[in-house]
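*Asks:* Structure file target17.txt (compact mmCIF, C-alpha atoms) is given on the next line.
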# COMPACT_ATOMS: atom_id res chain seq x y z
CA GLU J 1 -27.54 18.93 7.31
CA ALA J 2 -25.17 15.95 7.41
CA GLN J 3 -21.67 17.22 7.87
CA VAL J 4 -18.20 16.90 9.34
CA THR J 5 -16.92 20.02 11.04
CA GLN J 6 -13.37 20.90 11.96
CA ASN J 7 -12.02 23.70 14.12
CA PRO J 8 -10.04 25.79 13.73
CA ARG J 9 -9.86 26.14 9.95
CA TYR J 10 -6.55 27.99 10.10
CA LEU J 11 -3.93 27.91 12.81
CA ILE J 12 -0.47 29.43 13.19
CA THR J 13 1.52 28.25 16.18
CA VAL J 14 5.08 27.90 17.42
CA THR J 15 7.21 24.83 17.96
CA GLY J 16 6.36 22.96 21.13
CA LYS J 17 3.05 24.61 21.94
CA LYS J 18 0.40 21.93 22.40
CA LEU J 19 -2.65 22.21 20.21
CA THR J 20 -5.88 20.35 19.50
CA VAL J 21 -7.86 20.26 16.28
CA THR J 22 -11.45 19.24 16.84
CA CYS J 23 -13.57 17.09 14.54
CA SER J 24 -17.26 16.40 14.92
CA GLN J 25 -19.80 14.54 12.79
CA ASN J 26 -23.59 14.40 13.02
CA MET J 27 -24.19 11.23 10.99
CA ASN J 28 -23.77 8.66 13.78
CA HIS J 29 -20.81 7.16 11.94
CA GLU J 30 -18.63 4.54 13.60
CA TYR J 31 -15.49 5.07 11.52
CA MET J 32 -13.53 8.32 11.80
CA SER J 33 -10.05 9.17 10.63
CA TRP J 34 -7.49 11.93 10.30
CA TYR J 35 -5.35 12.66 7.24
CA ARG J 36 -2.65 15.10 6.35
CA GLN J 37 -2.27 16.40 2.81
CA ASP J 38 1.13 17.51 1.54
CA PRO J 39 2.07 18.52 -2.03
CA GLY J 40 3.15 15.55 -4.09
CA LEU J 41 2.28 13.07 -1.33
CA GLY J 42 -1.50 13.00 -1.54
CA LEU J 43 -3.39 12.22 1.65
CA ARG J 44 -1.82 10.05 4.30
CA GLN J 45 -3.81 8.54 7.12
CA ILE J 46 -2.62 9.55 10.60
CA TYR J 47 -5.03 7.70 12.89
CA TYR J 48 -8.39 6.05 12.55
CA SER J 49 -11.09 4.88 14.92
CA MET J 50 -13.52 2.03 14.41
CA ASN J 51 -15.75 3.14 17.30
CA VAL J 52 -15.74 4.73 20.74
CA GLU J 53 -12.52 3.94 22.64
CA VAL J 54 -11.13 2.03 19.61
CA THR J 55 -8.31 3.80 17.80
CA ASP J 56 -5.37 2.63 15.71
CA LYS J 57 -2.39 4.04 13.89
CA GLY J 58 -2.47 4.92 10.25
CA ASP J 59 0.60 5.36 8.09
CA VAL J 60 2.04 8.52 9.71
CA PRO J 61 1.09 8.56 13.43
CA GLU J 62 4.36 9.91 14.85
CA GLY J 63 3.90 13.18 16.75
CA TYR J 64 0.09 12.88 16.94
CA LYS J 65 -2.44 11.61 19.46
CA VAL J 66 -6.16 11.02 19.19
CA SER J 67 -9.01 10.06 21.46
CA ARG J 68 -12.54 8.82 20.85
CA LYS J 69 -14.57 9.27 24.01
CA GLU J 70 -17.79 10.05 22.20
CA LYS J 71 -19.02 8.69 18.91
CA ARG J 72 -19.41 12.09 17.28
CA ASN J 73 -16.01 13.60 18.22
CA PHE J 74 -12.49 12.66 17.22
CA PRO J 75 -9.94 15.33 18.21
CA LEU J 76 -6.38 15.37 16.89
CA ILE J 77 -3.75 16.39 19.43
CA LEU J 78 -0.24 17.62 18.72
CA GLU J 79 1.55 17.53 22.07
CA SER J 80 4.70 19.27 20.84
CA PRO J 81 4.26 20.50 17.29
CA SER J 82 7.26 20.78 15.00
CA PRO J 83 7.66 22.57 11.65
CA ASN J 84 7.42 19.26 9.73
CA GLN J 85 3.82 19.02 10.92
CA THR J 86 2.93 22.09 8.88
CA SER J 87 0.25 20.70 6.61
CA LEU J 88 -3.40 20.61 5.59
CA TYR J 89 -5.38 18.28 7.84
CA PHE J 90 -8.66 16.56 7.04
CA CYS J 91 -11.02 14.66 9.27
CA ALA J 92 -13.40 12.14 7.73
CA SER J 93 -16.22 9.90 8.90
CA SER J 94 -18.18 6.99 7.47
CA SER J 95 -20.22 3.96 8.46
CA GLY J 96 -17.14 1.83 7.77
CA PRO J 97 -13.71 2.01 6.11
CA ARG J 98 -15.08 0.49 2.88
CA LYS J 99 -17.96 2.93 2.73
CA THR J 100 -18.10 6.49 1.43
CA GLN J 101 -15.87 8.79 3.46
CA TYR J 102 -17.32 12.22 4.29
CA PHE J 103 -14.60 14.81 4.66
CA GLY J 104 -14.47 17.95 6.72
CA PRO J 105 -13.41 21.27 5.16
CA GLY J 106 -9.79 20.97 6.31
CA THR J 107 -7.52 22.73 8.82
CA ARG J 108 -4.46 24.51 7.55
CA LEU J 109 -1.70 24.41 10.17
CA LEU J 110 1.54 26.37 10.14
CA VAL J 111 4.14 25.57 12.80
CA LEU J 112 6.90 28.16 13.11
CA ALA I 24 -0.20 -4.91 2.20
CA GLN I 25 -1.78 -2.44 -0.18
CA SER I 26 -0.62 0.42 -2.33
CA VAL I 27 -1.89 2.64 -5.11
CA THR I 28 -0.06 4.43 -7.92
CA GLN I 29 -1.50 7.28 -9.91
CA LEU I 30 0.53 7.26 -13.07
CA ASP I 31 0.17 10.94 -13.96
CA SER I 32 0.62 13.82 -11.55
CA HIS I 33 -0.87 16.27 -14.04
CA VAL I 34 -3.23 15.80 -17.01
CA SER I 35 -4.37 18.55 -19.40
CA VAL I 36 -7.22 18.09 -21.86
CA SER I 37 -9.28 20.42 -24.01
CA GLU I 38 -12.89 21.06 -23.13
CA GLY I 39 -15.12 18.53 -24.87
CA THR I 40 -12.41 15.87 -25.27
CA PRO I 41 -12.15 12.60 -23.31
CA VAL I 42 -10.53 12.36 -19.90
CA LEU I 43 -8.39 9.43 -18.73
CA LEU I 44 -6.85 9.38 -15.25
CA ARG I 45 -4.83 6.24 -14.57
CA CYS I 46 -4.63 4.28 -11.32
CA ASN I 47 -2.88 1.00 -10.55
CA TYR I 48 -3.20 -0.77 -7.23
CA SER I 49 -1.81 -3.69 -5.29
CA SER I 50 -3.57 -5.54 -2.54
CA SER I 51 -2.99 -8.77 -0.67
CA TYR I 52 -6.70 -9.50 -0.80
CA SER I 53 -9.54 -8.43 -3.04
CA PRO I 54 -9.79 -4.65 -2.85
CA SER I 55 -12.36 -1.94 -2.58
CA LEU I 56 -11.41 1.03 -4.77
CA PHE I 57 -12.57 4.62 -4.80
CA TRP I 58 -12.06 7.83 -6.72
CA TYR I 59 -12.40 11.12 -4.84
CA VAL I 60 -12.30 14.64 -6.27
CA GLN I 61 -11.00 17.77 -4.58
CA HIS I 62 -11.88 21.13 -6.07
CA PRO I 63 -9.62 24.07 -5.18
CA ASN I 64 -9.77 24.98 -1.50
CA LYS I 65 -12.43 22.37 -0.83
CA GLY I 66 -12.68 19.04 0.95
CA LEU I 67 -12.86 15.71 -0.86
CA GLN I 68 -16.00 14.29 -2.42
CA LEU I 69 -16.67 10.72 -3.58
CA LEU I 70 -16.90 10.29 -7.36
CA LEU I 71 -17.43 6.54 -7.48
CA LYS I 72 -16.52 3.26 -5.80
CA TYR I 73 -15.93 -0.39 -6.61
CA THR I 74 -16.71 -2.93 -3.91
CA SER I 75 -16.69 -6.29 -5.76
CA ALA I 76 -19.94 -5.94 -7.67
CA ALA I 77 -20.06 -4.80 -11.32
CA THR I 78 -16.59 -4.09 -12.72
CA LEU I 79 -17.76 -1.01 -14.65
CA VAL I 80 -18.74 1.60 -12.13
CA LYS I 81 -20.60 4.80 -12.93
CA GLY I 82 -20.21 7.85 -10.74
CA ILE I 83 -21.34 11.42 -10.54
CA ASN I 84 -20.90 14.08 -13.23
CA GLY I 85 -20.49 11.55 -16.06
CA PHE I 86 -17.39 9.83 -14.70
CA GLU I 87 -16.89 6.08 -14.76
CA ALA I 88 -14.16 3.60 -13.95
CA GLU I 89 -13.47 -0.01 -14.83
CA PHE I 90 -11.96 -2.51 -12.40
CA LYS I 91 -9.52 -4.77 -14.27
CA LYS I 92 -8.15 -7.43 -11.98
CA SER I 93 -5.73 -8.85 -14.56
CA GLU I 94 -4.15 -5.42 -15.01
CA THR I 95 -4.59 -4.32 -11.36
CA SER I 96 -6.02 -1.09 -12.68
CA PHE I 97 -8.95 1.20 -11.90
CA HIS I 98 -8.71 4.01 -14.46
CA LEU I 99 -11.14 6.94 -14.35
CA THR I 100 -12.71 8.16 -17.59
CA LYS I 101 -15.18 10.73 -18.87
CA PRO I 102 -16.24 11.03 -22.52
CA SER I 103 -16.28 14.83 -22.66
CA ALA I 104 -14.46 17.18 -20.29
CA HIS I 105 -16.15 20.23 -18.85
CA MET I 106 -14.48 23.28 -17.36
CA SER I 107 -15.96 22.39 -13.97
CA ASP I 108 -13.98 19.11 -13.98
CA ALA I 109 -10.76 21.00 -13.24
CA ALA I 110 -9.70 19.60 -9.85
CA GLU I 111 -7.41 17.10 -8.18
CA TYR I 112 -8.40 13.45 -8.27
CA PHE I 113 -7.38 10.75 -5.81
CA CYS I 114 -7.52 6.99 -6.24
CA VAL I 115 -7.96 5.07 -2.96
CA VAL I 116 -7.58 1.38 -2.09
CA ILE I 117 -8.41 -0.76 0.91
CA SER I 118 -8.07 -4.53 1.11
CA ASN I 119 -11.32 -6.31 1.87
CA PHE I 120 -9.64 -8.30 4.62
CA GLY I 121 -6.88 -7.78 7.10
CA ASN I 122 -6.87 -4.08 7.90
CA GLU I 123 -9.01 -1.02 8.24
CA LYS I 124 -6.58 1.54 6.78
CA LEU I 125 -7.22 3.47 3.60
CA THR I 126 -4.35 4.19 1.20
CA PHE I 127 -4.55 7.22 -1.08
CA GLY I 128 -2.67 7.84 -4.28
CA THR I 129 -0.59 10.97 -4.66
CA GLY I 130 -3.24 12.62 -6.81
CA THR I 131 -3.68 13.75 -10.42
CA ARG I 132 -4.33 17.39 -11.16
CA LEU I 133 -6.70 17.77 -14.11
CA THR I 134 -6.53 20.99 -16.11
CA ILE I 135 -9.18 21.80 -18.72
CA ILE I 136 -8.10 23.97 -21.65
CA PRO I 137 -10.88 26.20 -23.00
Kindly present the structure from the file in structure tokens form.

*Replies:*
Amino acid sequence: EAQVTQNPRYLITVTGKKLTVTCSQNMNHEYMSWYRQDPGLGLRQIYYSMNVEVTDKGDVPEGYKVSRKEKRNFPLILESPSPNQTSLYFCASSSGPRKTQYFGPGTRLLVL
Amino acid sequence: AQSVTQLDSHVSVSEGTPVLLRCNYSSSYSPSLFWYVQHPNKGLQLLLKYTSAATLVKGINGFEAEFKKSETSFHLTKPSAHMSDAAEYFCVVISNFGNEKLTFGTGTRLTIIP
């Protein structure tokens, strides 16, 4: 089954404790991206990747890192999480930015 | 530069009546436009997309949208609302030249009254 998976689905952590949210897709897509969803703000793109080893900032990249060492994986790293990064995070993949985006189920993060 | 404005944060309609969700965009170049739907506690799913072909686009579940360049609009419509249409809807824009970033609207929550 074609899908985008994210882990973990729920995470509670404390300020400053590094964490990684994994994202994997099995559709051989080149384009992958991370979004955060906050009430009243919709989805905002954090980072995107056009292909392996090619990443670029979205609209809200501060406090986040990404890497794309393999085509199927695109982890999101929070080196020193802060409470303002409490949010719902979505990973998505597609064959290009102007193609249909396939979204993962979301990761709900709470930073205390 | 690109941006998208969803004119209503919340729309309520009675079951069986028409649905209209409004979206205006701006883009430095010709745009590609999308509508995505998010049901409660779910991820997002594509409803329909416009990528410079026919201006009237038909999507899943009876939804359609019309690209109007003169009005910079891409409103989503459905002739008859169903209870299962209750969800949040997002309009998305990307310029067809110059960048690879997607810009989402802030969303419209659609409530269906039985």

*Asks:* Residues of chain J that approach chain I to 12 Å or less, counting only C-alpha atoms: could you list each one with the shortest pair of atoms and its distance in Å to one decimal, rows by chain and increasing residue number, as a Markdown table?

*Replies:*
| residue | atom | partner | partner_atom | distance |
| --- | --- | --- | --- | --- |
| J:Gln3 | CA | I:Gly66 | CA | 11.5 |
| J:Val4 | CA | I:Gly66 | CA | 10.3 |
| J:Thr5 | CA | I:Gly66 | CA | 11.0 |
| J:Gln6 | CA | I:Gly66 | CA | 11.2 |
| J:Arg9 | CA | I:Asn64 | CA | 11.5 |
| J:Tyr31 | CA | I:Glu123 | CA | 9.5 |
| J:Met32 | CA | I:Lys124 | CA | 10.9 |
| J:Ser33 | CA | I:Lys124 | CA | 9.2 |
| J:Trp34 | CA | I:Leu125 | CA | 10.8 |
| J:Tyr35 | CA | I:Phe127 | CA | 10.0 |
| J:Arg36 | CA | I:Phe127 | CA | 11.0 |
| J:Gln37 | CA | I:Thr129 | CA | 9.4 |
| J:Asp38 | CA | I:Thr129 | CA | 9.2 |
| J:Pro39 | CA | I:Thr129 | CA | 8.4 |
| J:Gly40 | CA | I:Thr129 | CA | 5.9 |
| J:Leu41 | CA | I:Thr129 | CA | 4.9 |
| J:Gly42 | CA | I:Thr129 | CA | 3.8 |
| J:Leu43 | CA | I:Phe127 | CA | 5.8 |
| J:Arg44 | CA | I:Phe127 | CA | 6.7 |
| J:Gln45 | CA | I:Leu125 | CA | 7.1 |
| J:Ile46 | CA | I:Lys124 | CA | 9.7 |
| J:Tyr47 | CA | I:Lys124 | CA | 8.8 |
| J:Tyr48 | CA | I:Lys124 | CA | 7.5 |
| J:Ser49 | CA | I:Glu123 | CA | 9.2 |
| J:Met50 | CA | I:Glu123 | CA | 8.2 |
| J:Val54 | CA | I:Glu123 | CA | 12.0 |
| J:Thr55 | CA | I:Glu123 | CA | 10.7 |
| J:Asp56 | CA | I:Glu123 | CA | 9.1 |
| J:Lys57 | CA | I:Lys124 | CA | 8.6 |
| J:Gly58 | CA | I:Lys124 | CA | 6.4 |
| J:Asp59 | CA | I:Lys124 | CA | 8.2 |
| J:Val60 | CA | I:Lys124 | CA | 11.5 |
| J:Leu88 | CA | I:Asn64 | CA | 10.5 |
| J:Tyr89 | CA | I:Gly66 | CA | 10.1 |
| J:Phe90 | CA | I:Gly66 | CA | 7.7 |
| J:Cys91 | CA | I:Gly66 | CA | 9.5 |
| J:Ala92 | CA | I:Leu67 | CA | 9.3 |
| J:Ser93 | CA | I:Leu67 | CA | 11.8 |
| J:Ser94 | CA | I:Leu69 | CA | 11.8 |
| J:Gly96 | CA | I:Glu123 | CA | 8.6 |
| J:Pro97 | CA | I:Glu123 | CA | 6.0 |
| J:Arg98 | CA | I:Ser55 | CA | 6.6 |
| J:Lys99 | CA | I:Lys72 | CA | 8.7 |
| J:Thr100 | CA | I:Leu69 | CA | 6.7 |
| J:Gln101 | CA | I:Leu69 | CA | 7.3 |
| J:Tyr102 | CA | I:Gln68 | CA | 7.1 |
| J:Phe103 | CA | I:Leu67 | CA | 5.9 |
| J:Gly104 | CA | I:Gly66 | CA | 6.1 |
| J:Pro105 | CA | I:Gly66 | CA | 4.8 |
| J:Gly106 | CA | I:Gly66 | CA | 6.4 |
| J:Thr107 | CA | I:Gly66 | CA | 10.1 |
| J:Arg108 | CA | I:Asn64 | CA | 10.5 |

*Asks:* If you measure from CA of Asp31 in chain I to CA of Phe120 in chain I, what distance in Å do you get, rounded to one decimal?

*Replies:*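 Going from CA of Asp31 in chain I over to CA of Phe120 in chain I covers 28.5 Å.
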
*Asks:* If you measure from CA of Tyr52 in chain I to CA of Val52 in chain J, what distance in Å do you get, rounded to one decimal?

*Replies:*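 Computing it gives 27.4 Å between the two atoms.
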
*Asks:* By how many Å are CA of Leu99 in chain I and CA of Ser50 in chain I apart?

*Replies:*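 CA of Leu99 in chain I sits 18.8 Å away from CA of Ser50 in chain I.
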
*Asks:* Would you kindly identify which residues have an atom no farther than 9 Å from (-12.7, 23.8, -16.7), using only C-alpha atoms and the file's own coordinates, and write them out as a ChimeraX atom specification?

*Replies:* /I:37-38,104-110,133-137

*Asks:* For a quick check of your reading of the model, name the residues lying within 7 Å of the coordinate (-6.0, -0.5, -8.7), counting only C-alpha atoms, and write them as number ranges by chain.

*Replies:* I: 27, 46-49, 56, 95-97

*Asks:* Do a neighbour search on Lys65 in chain J at 8 Å with all atoms listed in the file, toss out local chain neighbours closer than 5 positions, and write the hits as a list in words.

*Replies:*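 Non-adjacent residues within range: Leu76, Ile77, Leu78 and Glu79 of chain J.
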
*Asks:* Need the shell around Glu89 in chain I: protein/DNA/RNA residues with any atom at most 7 Å away, counting only C-alpha atoms. Skip same-chain ones fewer than 5 positions apart. Format as number ranges by chain?

*Replies:* I: 78-80, 97-98

*Asks:* Filtering to C-alpha atoms, could you give me those residues as a CSV table (one decimal), keeping the file's coordinate frame?

*Replies:*
chain,number,residue,atom,x,y,z
I,78,THR,CA,-16.6,-4.1,-12.7
I,79,LEU,CA,-17.8,-1.0,-14.6
I,80,VAL,CA,-18.7,1.6,-12.1
I,97,PHE,CA,-9.0,1.2,-11.9
I,98,HIS,CA,-8.7,4.0,-14.5

*Asks:* Would you mind telling me which residue in J:Glu53, J:Val21, J:Glu30, J:Ala2 lies nearest to Pro75 in chain J when using all atoms listed in the file?

*Replies:* J:Val21

*Asks:* Find the residues around Asn73 in chain J up to 8 Å (only C-alpha atoms counted), leave out those fewer than 3 positions away in its own chain, and share them as a list of chain:residue names.

*Replies:*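 Here the qualifying residues turn out to be J:Thr22, J:Cys23, J:Ser24, J:Gln25, J:Arg68, J:Lys69, J:Glu70.
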
*Asks:* Centre and edge lengths of an axis-aligned box around all listed atoms of range 105-123 of chain I, with 3 Å added on each side, are to be given in Å to one decimal, as lines of an AutoDock Vina configuration file.

*Replies:*
center_x = -11.5
center_y = 7.5
center_z = -5.3
size_x = 15.3
size_y = 37.6
size_z = 33.1
